[in-house]
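As stored in work-v3.csv (CSV, C-alpha atoms):
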```
chain,number,residue,atom,x,y,z
A,1,MET,CA,0.0,0.0,0.0
A,2,ASN,CA,1.4,3.4,-0.8
A,3,ASN,CA,1.0,6.4,1.5
A,4,LYS,CA,-1.9,7.9,-0.5
A,5,THR,CA,-4.0,4.8,-0.1
A,6,VAL,CA,-3.3,4.6,3.6
A,7,LEU,CA,-4.2,8.2,4.0
A,8,LEU,CA,-7.4,7.8,2.0
A,9,MET,CA,-8.4,4.8,4.1
A,10,ALA,CA,-7.7,6.6,7.3
A,11,LEU,CA,-9.8,9.5,6.1
A,12,LEU,CA,-12.7,7.2,5.2
A,13,LEU,CA,-12.5,5.4,8.5
A,14,ALA,CA,-12.6,8.7,10.4
A,15,LEU,CA,-15.6,9.8,8.4
A,16,MET,CA,-17.6,6.6,8.5
A,17,PRO,CA,-19.0,6.7,12.0
A,18,SER,CA,-20.1,10.3,11.6
A,19,LEU,CA,-21.7,9.6,8.3
A,20,ALA,CA,-23.4,6.5,9.7
A,21,MET,CA,-24.8,7.9,12.9
A,22,ALA,CA,-24.2,11.5,13.8
A,23,GLU,CA,-27.6,13.1,14.3
A,24,SER,CA,-28.0,16.9,14.5
A,25,ALA,CA,-28.2,18.3,18.0
A,26,ARG,CA,-31.6,19.8,17.3
A,27,ASP,CA,-33.0,16.4,16.2
A,28,ASN,CA,-31.5,14.7,19.3
A,29,TYR,CA,-32.8,17.3,21.6
A,30,HIS,CA,-36.3,17.1,20.1
A,31,THR,CA,-36.3,13.3,20.4
A,32,TYR,CA,-34.6,12.6,23.8
A,33,CYS,CA,-34.6,15.8,25.9
A,34,ILE,CA,-38.1,17.3,25.3
A,35,GLN,CA,-39.8,14.5,27.1
A,36,CYS,CA,-38.7,16.2,30.3
A,37,HIS,CA,-37.3,19.6,29.3
A,38,GLY,CA,-40.3,20.4,27.2
A,39,MET,CA,-41.2,21.2,23.6
A,40,GLN,CA,-39.9,24.7,24.2
A,41,GLY,CA,-36.9,23.7,26.3
A,42,ASN,CA,-38.5,25.6,29.3
A,43,GLY,CA,-38.4,22.6,31.6
A,44,MET,CA,-42.1,21.9,31.2
A,45,GLY,CA,-42.0,18.4,29.6
A,46,VAL,CA,-44.9,15.9,29.3
A,47,ASN,CA,-43.2,13.8,32.0
A,48,ILE,CA,-42.8,16.3,34.8
A,49,ARG,CA,-46.1,16.2,36.7
A,50,ASP,CA,-45.2,13.7,39.3
A,51,MET,CA,-41.4,14.5,39.6
A,52,SER,CA,-40.0,15.4,42.9
A,53,VAL,CA,-37.3,17.6,41.3
A,54,GLN,CA,-38.3,19.7,38.2
A,55,PRO,CA,-36.1,19.6,35.1
A,56,ARG,CA,-33.8,22.5,34.3
A,57,ASP,CA,-35.4,25.3,32.2
A,58,HIS,CA,-32.9,25.5,29.3
A,59,THR,CA,-34.1,29.0,28.4
A,60,ASP,CA,-33.1,30.3,31.9
A,61,THR,CA,-30.1,32.5,31.0
A,62,LYS,CA,-29.1,33.1,34.5
A,63,THR,CA,-28.8,29.5,35.7
A,64,MET,CA,-27.5,28.2,32.5
A,65,SER,CA,-24.7,30.7,32.3
A,66,GLY,CA,-23.6,29.4,35.7
A,67,ARG,CA,-22.7,26.0,34.1
A,68,SER,CA,-19.5,25.5,32.2
A,69,ASP,CA,-19.5,23.5,29.0
A,70,ASP,CA,-17.5,20.7,30.7
A,71,GLU,CA,-20.2,20.5,33.4
A,72,LEU,CA,-23.0,20.3,30.8
A,73,PHE,CA,-21.1,17.7,28.8
A,74,LYS,CA,-20.6,15.6,32.0
A,75,VAL,CA,-24.3,15.9,33.2
A,76,ILE,CA,-25.5,14.8,29.7
A,77,LYS,CA,-23.1,11.9,29.5
A,78,GLU,CA,-23.1,10.7,33.1
A,79,GLY,CA,-26.4,12.0,34.5
A,80,GLY,CA,-27.5,14.3,37.3
A,81,LEU,CA,-25.7,12.4,40.1
A,82,SER,CA,-22.3,13.1,38.5
A,83,ILE,CA,-22.6,16.8,39.3
A,84,SER,CA,-24.6,16.2,42.5
A,85,LYS,CA,-27.9,16.9,40.9
A,86,SER,CA,-31.0,14.7,40.7
A,87,VAL,CA,-31.0,11.1,39.5
A,88,LEU,CA,-34.0,12.0,37.4
A,89,MET,CA,-31.5,13.4,34.9
A,90,PRO,CA,-30.4,10.2,33.3
A,91,PRO,CA,-26.9,9.4,31.9
A,92,TRP,CA,-27.1,9.5,28.1
A,93,GLY,CA,-23.7,8.0,27.4
A,94,GLY,CA,-25.3,4.9,26.0
A,95,THR,CA,-27.4,6.8,23.6
A,96,PHE,CA,-25.1,9.6,22.2
A,97,THR,CA,-21.5,9.7,20.9
A,98,ASP,CA,-19.2,12.2,22.6
A,99,ASN,CA,-19.4,14.3,19.4
A,100,GLU,CA,-23.2,14.4,19.6
A,101,ILE,CA,-23.0,15.5,23.3
A,102,HIS,CA,-20.5,18.3,22.4
A,103,ASP,CA,-23.0,19.4,19.7
A,104,LEU,CA,-25.8,19.2,22.3
A,105,VAL,CA,-23.8,21.5,24.6
A,106,LYS,CA,-23.6,24.0,21.8
A,107,TYR,CA,-27.3,23.7,21.1
A,108,LEU,CA,-28.1,24.4,24.8
A,109,ARG,CA,-26.1,27.6,24.4
A,110,THR,CA,-28.4,28.7,21.7
A,111,LEU,CA,-31.5,27.9,23.8
A,112,CYS,CA,-30.3,30.0,26.8
A,113,LYS,CA,-28.7,32.5,24.5
A,114,CYS,CA,-25.8,32.5,26.9
A,115,LYS,CA,-22.3,31.3,27.6
A,116,TYR,CA,-20.5,30.3,30.7
A,117,GLY,CA,-20.1,33.3,33.1
A,118,GLY,CA,-22.5,35.5,31.3
B,1,MET,CA,-57.3,-43.9,-0.5
B,2,SER,CA,-58.8,-45.2,2.7
B,3,GLU,CA,-58.8,-48.7,1.1
B,4,VAL,CA,-55.1,-48.5,0.9
B,5,ILE,CA,-54.7,-47.2,4.5
B,6,CYS,CA,-57.0,-50.0,5.8
B,7,LYS,CA,-55.1,-52.6,3.9
B,8,ALA,CA,-51.8,-51.2,5.2
B,9,ILE,CA,-53.1,-51.4,8.8
B,10,HIS,CA,-54.8,-54.7,8.8
B,11,GLY,CA,-53.2,-56.4,5.9
B,12,ASP,CA,-55.2,-59.1,4.2
B,13,ARG,CA,-55.6,-61.3,7.3
B,14,PHE,CA,-59.3,-60.6,7.7
B,15,SER,CA,-60.2,-62.1,4.4
B,16,GLY,CA,-58.5,-65.3,5.3
B,17,LEU,CA,-59.6,-65.7,8.9
B,18,PHE,CA,-63.1,-64.4,8.9
B,19,SER,CA,-66.1,-64.5,6.6
B,20,ARG,CA,-66.2,-62.1,3.7
B,21,ASP,CA,-69.1,-60.2,5.3
B,22,PHE,CA,-67.1,-59.4,8.4
B,23,ALA,CA,-64.2,-58.3,6.3
B,24,TRP,CA,-66.4,-56.0,4.3
B,25,GLU,CA,-68.0,-54.5,7.4
B,26,HIS,CA,-64.7,-54.0,9.0
B,27,GLY,CA,-63.5,-52.3,5.8
B,28,VAL,CA,-66.3,-49.8,6.0
B,29,MET,CA,-65.8,-49.2,9.7
B,30,CYS,CA,-62.1,-48.6,9.1
B,31,ARG,CA,-62.8,-46.1,6.3
B,32,LEU,CA,-65.4,-44.4,8.4
B,33,SER,CA,-63.1,-44.1,11.4
B,34,ILE,CA,-60.3,-42.7,9.2
B,35,PHE,CA,-62.8,-40.1,7.9
B,36,PHE,CA,-63.7,-39.2,11.5
B,37,VAL,CA,-60.1,-39.0,12.7
B,38,ALA,CA,-59.3,-36.7,9.8
B,39,ALA,CA,-62.3,-34.5,10.4
B,40,ILE,CA,-61.6,-34.3,14.2
B,41,SER,CA,-57.9,-33.5,13.7
B,42,CYS,CA,-58.9,-30.7,11.3
B,43,LEU,CA,-61.1,-29.3,14.1
B,44,PHE,CA,-59.0,-29.8,17.1
B,45,SER,CA,-55.3,-29.8,16.2
B,46,PRO,CA,-54.7,-26.9,13.8
B,47,PRO,CA,-51.2,-25.7,14.8
B,48,LEU,CA,-49.7,-25.9,11.4
B,49,HIS,CA,-52.7,-24.5,9.8
B,50,ALA,CA,-53.1,-21.7,12.4
B,51,GLY,CA,-49.5,-20.8,12.1
B,52,GLU,CA,-50.1,-20.1,8.5
B,53,THR,CA,-53.3,-18.1,9.2
B,54,GLY,CA,-51.5,-16.1,11.9
B,55,LYS,CA,-48.6,-15.2,9.5
B,56,SER,CA,-50.9,-14.3,6.7
B,57,ILE,CA,-53.0,-12.0,9.0
B,58,LEU,CA,-49.7,-10.4,10.2
B,59,ASN,CA,-48.5,-9.9,6.6
B,60,SER,CA,-51.8,-8.5,5.3
B,61,ARG,CA,-53.2,-6.5,8.2
B,62,CYS,CA,-50.3,-5.6,10.6
B,63,VAL,CA,-47.2,-5.1,8.5
B,64,SER,CA,-48.1,-1.6,7.6
B,65,CYS,CA,-47.5,-0.5,11.2
B,66,HIS,CA,-45.3,-3.3,12.7
B,67,ASN,CA,-41.8,-4.4,11.6
B,68,LEU,CA,-42.0,-8.2,11.4
B,69,LYS,CA,-38.5,-8.8,10.0
B,70,GLY,CA,-36.1,-6.3,11.7
B,71,PRO,CA,-33.8,-4.6,12.1
B,72,ALA,CA,-34.9,-1.9,14.6
B,73,PRO,CA,-34.4,1.8,13.5
B,74,VAL,CA,-30.8,3.0,13.6
B,75,THR,CA,-31.5,6.6,12.5
B,76,LEU,CA,-33.8,9.1,14.0
B,77,ALA,CA,-35.6,9.5,10.7
B,78,ALA,CA,-36.5,5.8,10.8
B,79,LEU,CA,-37.4,6.0,14.5
B,80,TRP,CA,-39.8,8.9,13.9
B,81,LYS,CA,-41.5,6.9,11.1
B,82,ARG,CA,-42.2,3.8,13.2
B,83,LYS,CA,-45.9,3.4,13.6
B,84,GLY,CA,-46.1,0.5,16.0
B,85,PRO,CA,-43.8,-1.5,18.3
B,86,ASP,CA,-41.4,-3.8,16.5
B,87,LEU,CA,-42.7,-7.4,16.5
B,88,PHE,CA,-39.7,-9.3,14.9
B,89,TYR,CA,-38.6,-10.4,18.4
B,90,ALA,CA,-42.1,-10.9,19.7
B,91,GLY,CA,-41.4,-14.5,20.7
B,92,ASN,CA,-38.6,-13.4,23.1
B,93,LYS,CA,-40.6,-10.5,24.5
B,94,TYR,CA,-44.3,-11.2,25.1
B,95,LYS,CA,-46.3,-13.7,27.1
B,96,HIS,CA,-48.4,-15.8,24.7
B,97,ASP,CA,-51.6,-15.6,26.8
B,98,TRP,CA,-51.4,-11.9,27.2
B,99,LEU,CA,-51.1,-11.5,23.4
B,100,VAL,CA,-54.2,-13.6,22.9
B,101,SER,CA,-56.3,-11.5,25.2
B,102,TRP,CA,-54.9,-8.1,24.3
B,103,LEU,CA,-55.4,-8.7,20.6
B,104,GLN,CA,-59.1,-9.3,21.3
B,105,LYS,CA,-59.4,-6.3,23.6
B,106,PRO,CA,-56.5,-3.9,23.0
B,107,GLU,CA,-56.0,-1.2,25.6
B,108,ARG,CA,-53.5,1.6,25.5
B,109,ILE,CA,-50.0,0.7,26.8
B,110,ARG,CA,-48.1,3.9,25.9
B,111,PRO,CA,-50.0,6.9,27.3
B,112,ALA,CA,-48.4,9.2,24.7
B,113,GLY,CA,-48.6,6.9,21.8
B,114,MET,CA,-45.8,5.3,19.8
B,115,PHE,CA,-43.6,8.3,19.4
B,116,TYR,CA,-44.6,10.7,22.2
B,117,ARG,CA,-43.5,13.8,20.3
B,118,ASP,CA,-46.3,13.2,17.7
B,119,HIS,CA,-48.9,13.3,20.5
B,120,ILE,CA,-48.1,16.1,22.8
B,121,LYS,CA,-48.9,19.8,22.9
B,122,PRO,CA,-48.0,22.7,25.3
B,123,GLY,CA,-50.4,22.9,28.2
B,124,PRO,CA,-51.0,25.5,30.9
B,125,LYS,CA,-48.5,24.0,33.4
B,126,HIS,CA,-46.5,21.7,31.2
B,127,ASP,CA,-46.7,19.8,27.9
B,128,VAL,CA,-49.7,17.4,27.8
B,129,VAL,CA,-50.8,14.4,25.8
B,130,ASP,CA,-53.2,15.4,23.0
B,131,ALA,CA,-55.6,12.4,23.3
B,132,SER,CA,-57.4,13.4,20.1
B,133,THR,CA,-54.4,12.3,18.1
B,134,LEU,CA,-54.4,8.7,19.6
B,135,LYS,CA,-56.2,6.1,17.6
B,136,PRO,CA,-57.7,2.8,19.0
B,137,HIS,CA,-56.0,-0.4,17.9
B,138,VAL,CA,-57.5,-3.0,15.6
B,139,SER,CA,-59.0,-5.9,17.5
B,140,LEU,CA,-59.2,-9.6,16.4
B,141,ASN,CA,-61.7,-12.4,17.1
B,142,LYS,CA,-60.6,-15.2,19.4
B,143,ARG,CA,-59.6,-17.5,16.6
B,144,ASP,CA,-57.5,-15.0,14.7
B,145,ALA,CA,-55.9,-13.6,18.0
B,146,THR,CA,-54.8,-17.1,18.9
B,147,ALA,CA,-53.4,-17.8,15.4
B,148,VAL,CA,-51.6,-14.4,15.4
B,149,ALA,CA,-50.2,-15.0,18.9
B,150,ASP,CA,-49.0,-18.5,17.9
B,151,ALA,CA,-47.3,-17.0,14.9
B,152,LEU,CA,-45.7,-14.1,16.9
B,153,MET,CA,-44.2,-16.5,19.4
B,154,THR,CA,-42.1,-18.0,16.5
B,155,PHE,CA,-40.4,-14.6,15.9
B,156,LYS,CA,-37.3,-15.3,17.8
B,157,ALA,CA,-34.8,-12.6,16.9
B,158,ASN,CA,-32.4,-11.4,19.6
B,159,SER,CA,-32.4,-14.8,21.4
B,160,ASN,CA,-28.7,-14.1,22.2
B,161,LEU,CA,-29.8,-11.2,24.4
B,162,VAL,CA,-32.1,-13.3,26.6
B,163,ALA,CA,-30.2,-16.6,26.6
B,164,SER,CA,-28.4,-15.9,29.9
B,165,GLU,CA,-31.1,-13.9,31.6
B,166,LYS,CA,-32.9,-15.7,34.4
B,167,LEU,CA,-35.1,-14.2,37.1
B,168,ILE,CA,-34.7,-15.4,40.6
B,169,PRO,CA,-38.1,-14.7,42.2
B,170,ALA,CA,-37.7,-12.9,45.5
B,171,PRO,CA,-39.7,-10.4,47.6
B,172,THR,CA,-38.9,-6.8,46.8
B,173,PRO,CA,-39.6,-4.6,49.9
B,174,ILE,CA,-37.7,-1.6,48.3
B,175,GLY,CA,-38.7,-2.3,44.7
B,176,GLU,CA,-40.9,0.8,44.5
B,177,MET,CA,-38.3,3.0,46.1
B,178,MET,CA,-35.8,1.7,43.5
B,179,PHE,CA,-38.1,2.3,40.6
B,180,ASP,CA,-39.0,5.8,41.8
B,181,LYS,CA,-36.3,7.4,43.9
B,182,ILE,CA,-33.1,5.4,43.4
B,183,TYR,CA,-33.2,5.0,39.6
B,184,GLY,CA,-35.8,7.5,38.5
B,185,CYS,CA,-37.6,5.1,36.2
B,186,MET,CA,-40.9,6.7,37.2
B,187,ALA,CA,-39.8,9.8,35.3
B,188,CYS,CA,-41.1,8.1,32.1
B,189,HIS,CA,-43.2,5.1,33.3
B,190,GLN,CA,-46.5,5.1,35.3
B,191,ILE,CA,-46.6,2.8,38.3
B,192,GLU,CA,-50.4,3.1,38.5
B,193,PRO,CA,-52.9,4.6,36.2
B,194,GLY,CA,-52.4,8.4,36.2
B,195,TYR,CA,-49.2,8.4,38.3
B,196,GLY,CA,-45.7,8.7,36.7
B,197,GLY,CA,-44.2,9.7,33.4
B,198,MET,CA,-45.9,9.6,30.0
B,199,SER,CA,-43.2,9.0,27.4
B,200,GLY,CA,-42.6,5.3,28.3
B,201,SER,CA,-45.0,2.3,28.4
B,202,GLU,CA,-47.1,1.8,31.5
B,203,ALA,CA,-45.0,-0.1,34.1
B,204,TYR,CA,-47.9,-1.4,36.1
B,205,THR,CA,-48.8,-3.9,33.4
B,206,ALA,CA,-45.3,-4.8,32.2
B,207,GLY,CA,-45.2,-7.9,34.4
B,208,LYS,CA,-48.4,-9.2,32.8
B,209,ARG,CA,-47.3,-8.5,29.2
B,210,LEU,CA,-43.6,-9.3,29.2
B,211,GLN,CA,-41.3,-12.3,29.7
B,212,ALA,CA,-39.0,-11.8,32.8
B,213,SER,CA,-35.9,-12.5,30.7
B,214,PHE,CA,-36.9,-9.7,28.3
B,215,MET,CA,-37.3,-7.2,31.1
B,216,LEU,CA,-34.0,-8.2,32.6
B,217,SER,CA,-32.2,-7.8,29.3
B,218,TYR,CA,-34.0,-4.6,28.3
B,219,ILE,CA,-33.2,-2.7,31.5
B,220,LYS,CA,-29.6,-3.8,31.3
B,221,ASN,CA,-29.2,-2.4,27.8
B,222,PRO,CA,-32.3,-0.9,26.0
B,223,GLN,CA,-30.1,0.1,23.1
B,224,ALA,CA,-29.3,-3.5,22.3
B,225,TRP,CA,-32.9,-4.1,21.5
B,226,ASP,CA,-33.8,-0.7,20.1
B,227,PRO,CA,-30.7,1.4,19.3
B,228,LYS,CA,-32.5,4.8,19.1
B,229,ILE,CA,-35.1,4.4,21.8
B,230,TRP,CA,-35.5,7.3,24.3
B,231,MET,CA,-35.0,5.1,27.3
B,232,PRO,CA,-31.4,5.7,28.6
B,233,ASN,CA,-29.1,3.0,29.8
B,234,LYS,CA,-29.1,3.7,33.6
B,235,HIS,CA,-26.2,1.2,34.2
B,236,VAL,CA,-28.2,-0.6,36.9
B,237,PRO,CA,-26.2,-3.4,38.6
B,238,ALA,CA,-27.5,-7.0,37.8
B,239,ASP,CA,-28.7,-7.5,41.4
B,240,ASN,CA,-30.8,-4.4,41.3
B,241,ILE,CA,-32.2,-5.3,37.9
B,242,GLN,CA,-33.4,-8.5,39.5
B,243,GLN,CA,-35.2,-6.5,42.2
B,244,LEU,CA,-36.7,-4.1,39.7
B,245,VAL,CA,-38.1,-6.9,37.6
B,246,ASN,CA,-39.5,-8.8,40.6
B,247,TYR,CA,-41.1,-5.5,41.6
B,248,LEU,CA,-42.7,-5.0,38.2
B,249,ILE,CA,-44.1,-8.6,38.3
B,250,ASP,CA,-45.5,-8.0,41.8
B,251,LEU,CA,-46.9,-4.7,40.8
B,252,SER,CA,-48.7,-6.2,37.8
B,253,LYS,CA,-50.7,-8.5,40.2
B,254,GLU,CA,-52.4,-5.5,41.9
B,255,ASP,CA,-55.8,-4.7,40.7
B,256,PHE,CA,-56.0,-1.2,39.1
B,257,SER,CA,-59.3,-1.7,37.4
B,258,ASP,CA,-61.2,0.8,39.7
B,259,GLU,CA,-58.6,3.6,39.2
B,260,GLN,CA,-58.9,6.3,36.5
```

Take the structure from the file and write it as structure tokens.
Amino acid sequence: MNNKTVLLMALLLALMPSLAMAESARDNYHTYCIQCHGMQGNGMGVNIRDMSVQPRDHTDTKTMSGRSDDELFKVIKEGGLSISKSVLMPPWGGTFTDNEIHDLVKYLRTLCKCKYGG
Amino acid sequence: MSEVICKAIHGDRFSGLFSRDFAWEHGVMCRLSIFFVAAISCLFSPPLHAGETGKSILNSRCVSCHNLKGPAPVTLAALWKRKGPDLFYAGNKYKHDWLVSWLQKPERIRPAGMFYRDHIKPGPKHDVVDASTLKPHVSLNKRDATAVADALMTFKANSNLVASEKLIPAPTPIGEMMFDKIYGCMACHQIEPGYGGMSGSEAYTAGKRLQASFMLSYIKNPQAWDPKIWMPNKHVPADNIQQLVNYLIDLSKEDFSDEQ
């Protein structure tokens, strides 16, 4: 195999998983997150009536800007308990790839119209 | 035809040993009895026949909403299009007797329908189910329901996922606490009519509907059954999965008929 072929194959391999499975953050959010965080991302999901702790309102600029991107990544991947929050926020590491979670963090920043610290 | 069968059973010995009349009479009796045996077996032992009826009903009346061949959706686009639960692993999921009765008298299992997002709307306090978008399920008569259930039980995809799953029945004093507080399963599942989450199937009938080995396996790794499903893998340790499933089975024995 010459260098070019190796390079091409590496490139294909790198592209393949993303081609095969990356879903847009918006689509993921509106499939998995809105059941609790609500169709409008305001924390008013169809599941919340009997919950002891209410889901985060993702449009709440003040609270959301208090969370770093790393924290948001961690709470999506490992669940509420990983940042000392409610078990009702599940770990989604078995559902999303790390890349999809990074995209979701960016998507959350558009919902709150905020970034960490302001 | 029956002549040949009678000869084959009795040979020619009657003609030699007894009078011709007796032989003739016996020949008639034999033919008659074969006729009756054939008629009775058509009436009472139709497994092969029913299996075919079941499959043809599934392929004509059910396949438009239910995936009978697999695989489960691996993209969101396919997930959103799914109109009914996948049935290609039905034989490893449902209890036969439950299928027979539910198919005759189907009652809602998923309070917000197949894909909850298609059946919710914003409400005054939170999003609510828009019941007007939910349709009743087709029902079958007893004969067809039995035939379909028999056929469904032969759909054995994913046997590898249940092969090593075995429930050890045990009392579950903290089962409900686990389901509700410790693992937060109630966020999506109702543990009695009108109490719990809406985006998952009702939990209080799961023990009636589902095989224990399926529940053990599904809770361990929902994505192994249904890669894009919106139930997360909560990484519950095996011992606690046992407790959760024992709890679901006990729960399903309670009588909820007077509620809601």

Of the candidates A:Leu104, A:Ile48, A:Met64, A:Leu81, which one gets nearest to chain B if we count all atoms listed in the file? A:Ile48

Distance filter 6 Å, only C-alpha atoms, chain B against chain A, as a PyMOL selection string: chain B and resi 126-128+184+196-198+230+232-233

Keeping only C-alpha atoms, write the selected residues to a file as a PDB file, in the frame of the given file.
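Writing done, so here's selection-v1.pdb:
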```pdb
ATOM      1  CA  HIS B 126     -46.500  21.700  31.200  1.00  0.00           C
ATOM      2  CA  ASP B 127     -46.700  19.800  27.900  1.00  0.00           C
ATOM      3  CA  VAL B 128     -49.700  17.400  27.800  1.00  0.00           C
ATOM      4  CA  GLY B 184     -35.800   7.500  38.500  1.00  0.00           C
ATOM      5  CA  GLY B 196     -45.700   8.700  36.700  1.00  0.00           C
ATOM      6  CA  GLY B 197     -44.200   9.700  33.400  1.00  0.00           C
ATOM      7  CA  MET B 198     -45.900   9.600  30.000  1.00  0.00           C
ATOM      8  CA  TRP B 230     -35.500   7.300  24.300  1.00  0.00           C
ATOM      9  CA  PRO B 232     -31.400   5.700  28.600  1.00  0.00           C
ATOM     10  CA  ASN B 233     -29.100   3.000  29.800  1.00  0.00           C
TER      11      ASN B 233
END
```

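When only C-alpha atoms are used to measure the gap to Glu100 (chain A), the shortest distance among A:Tyr29, A:Asp57, A:Lys115, A:Lys62 belongs to A:Tyr29.
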
Quick check, in Å to one decimal: how far apart do CA of Asp150 (chain B) and CA of Leu251 (chain B) lie?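 According to the coordinates, CA of Asp150 (chain B) and CA of Leu251 (chain B) are separated by 26.8 Å.
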
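Between CA of Phe155 (chain B) and CA of Tyr89 (chain B) lies a distance of 5.2 Å.
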
For Glu165 (chain B), the nearest of the candidates B:Leu87, B:Ile219, B:Met178, B:Ala77, counting all atoms listed in the file: B:Ile219

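The coordinates place CA of Leu161 (chain B) at 11.4 Å from CA of Gln223 (chain B).
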
So, with only C-alpha atoms as the atoms that count, which of B:Ile120, B:Ala149, B:Ala187, B:Ala78 lies closest to Gln54 (chain A)?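 Checking each of B:Ile120, B:Ala149, B:Ala187, B:Ala78 against Gln54 (chain A), counting only C-alpha atoms, the winner is B:Ala187.
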
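Among the candidates B:Ala90, B:Ala112, B:Ala238, B:Ala157, the residue lying nearest to Gln211 (chain B) is B:Ala90 (atoms considered: all atoms listed in the file).
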
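Those residues positioned at most 12 Å from (-31.3, -12.2, 22.8) are B:Phe88, B:Tyr89, B:Ala90, B:Gly91, B:Asn92, B:Lys93, B:Phe155, B:Lys156, B:Ala157, B:Asn158, B:Ser159, B:Asn160, B:Leu161, B:Val162, B:Ala163, B:Ser164, B:Glu165, B:Ser213, B:Phe214, B:Met215, B:Leu216, B:Ser217, B:Tyr218, B:Asn221, B:Pro222, B:Ala224, B:Trp225, judged using all atoms listed in the file.
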
Please identify all polymer residues within 8 Å of Ala212 (chain B), counting all atoms listed in the file, omitting same-chain residues fewer than 4 positions from it, and present them as number ranges by chain. B: 166-167, 207, 216, 245

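Checking B:Leu210, B:Val129, B:Asn240, B:His137 one by one against Gly175 (chain B), counting all atoms listed in the file, you find the shortest gap at B:Asn240.
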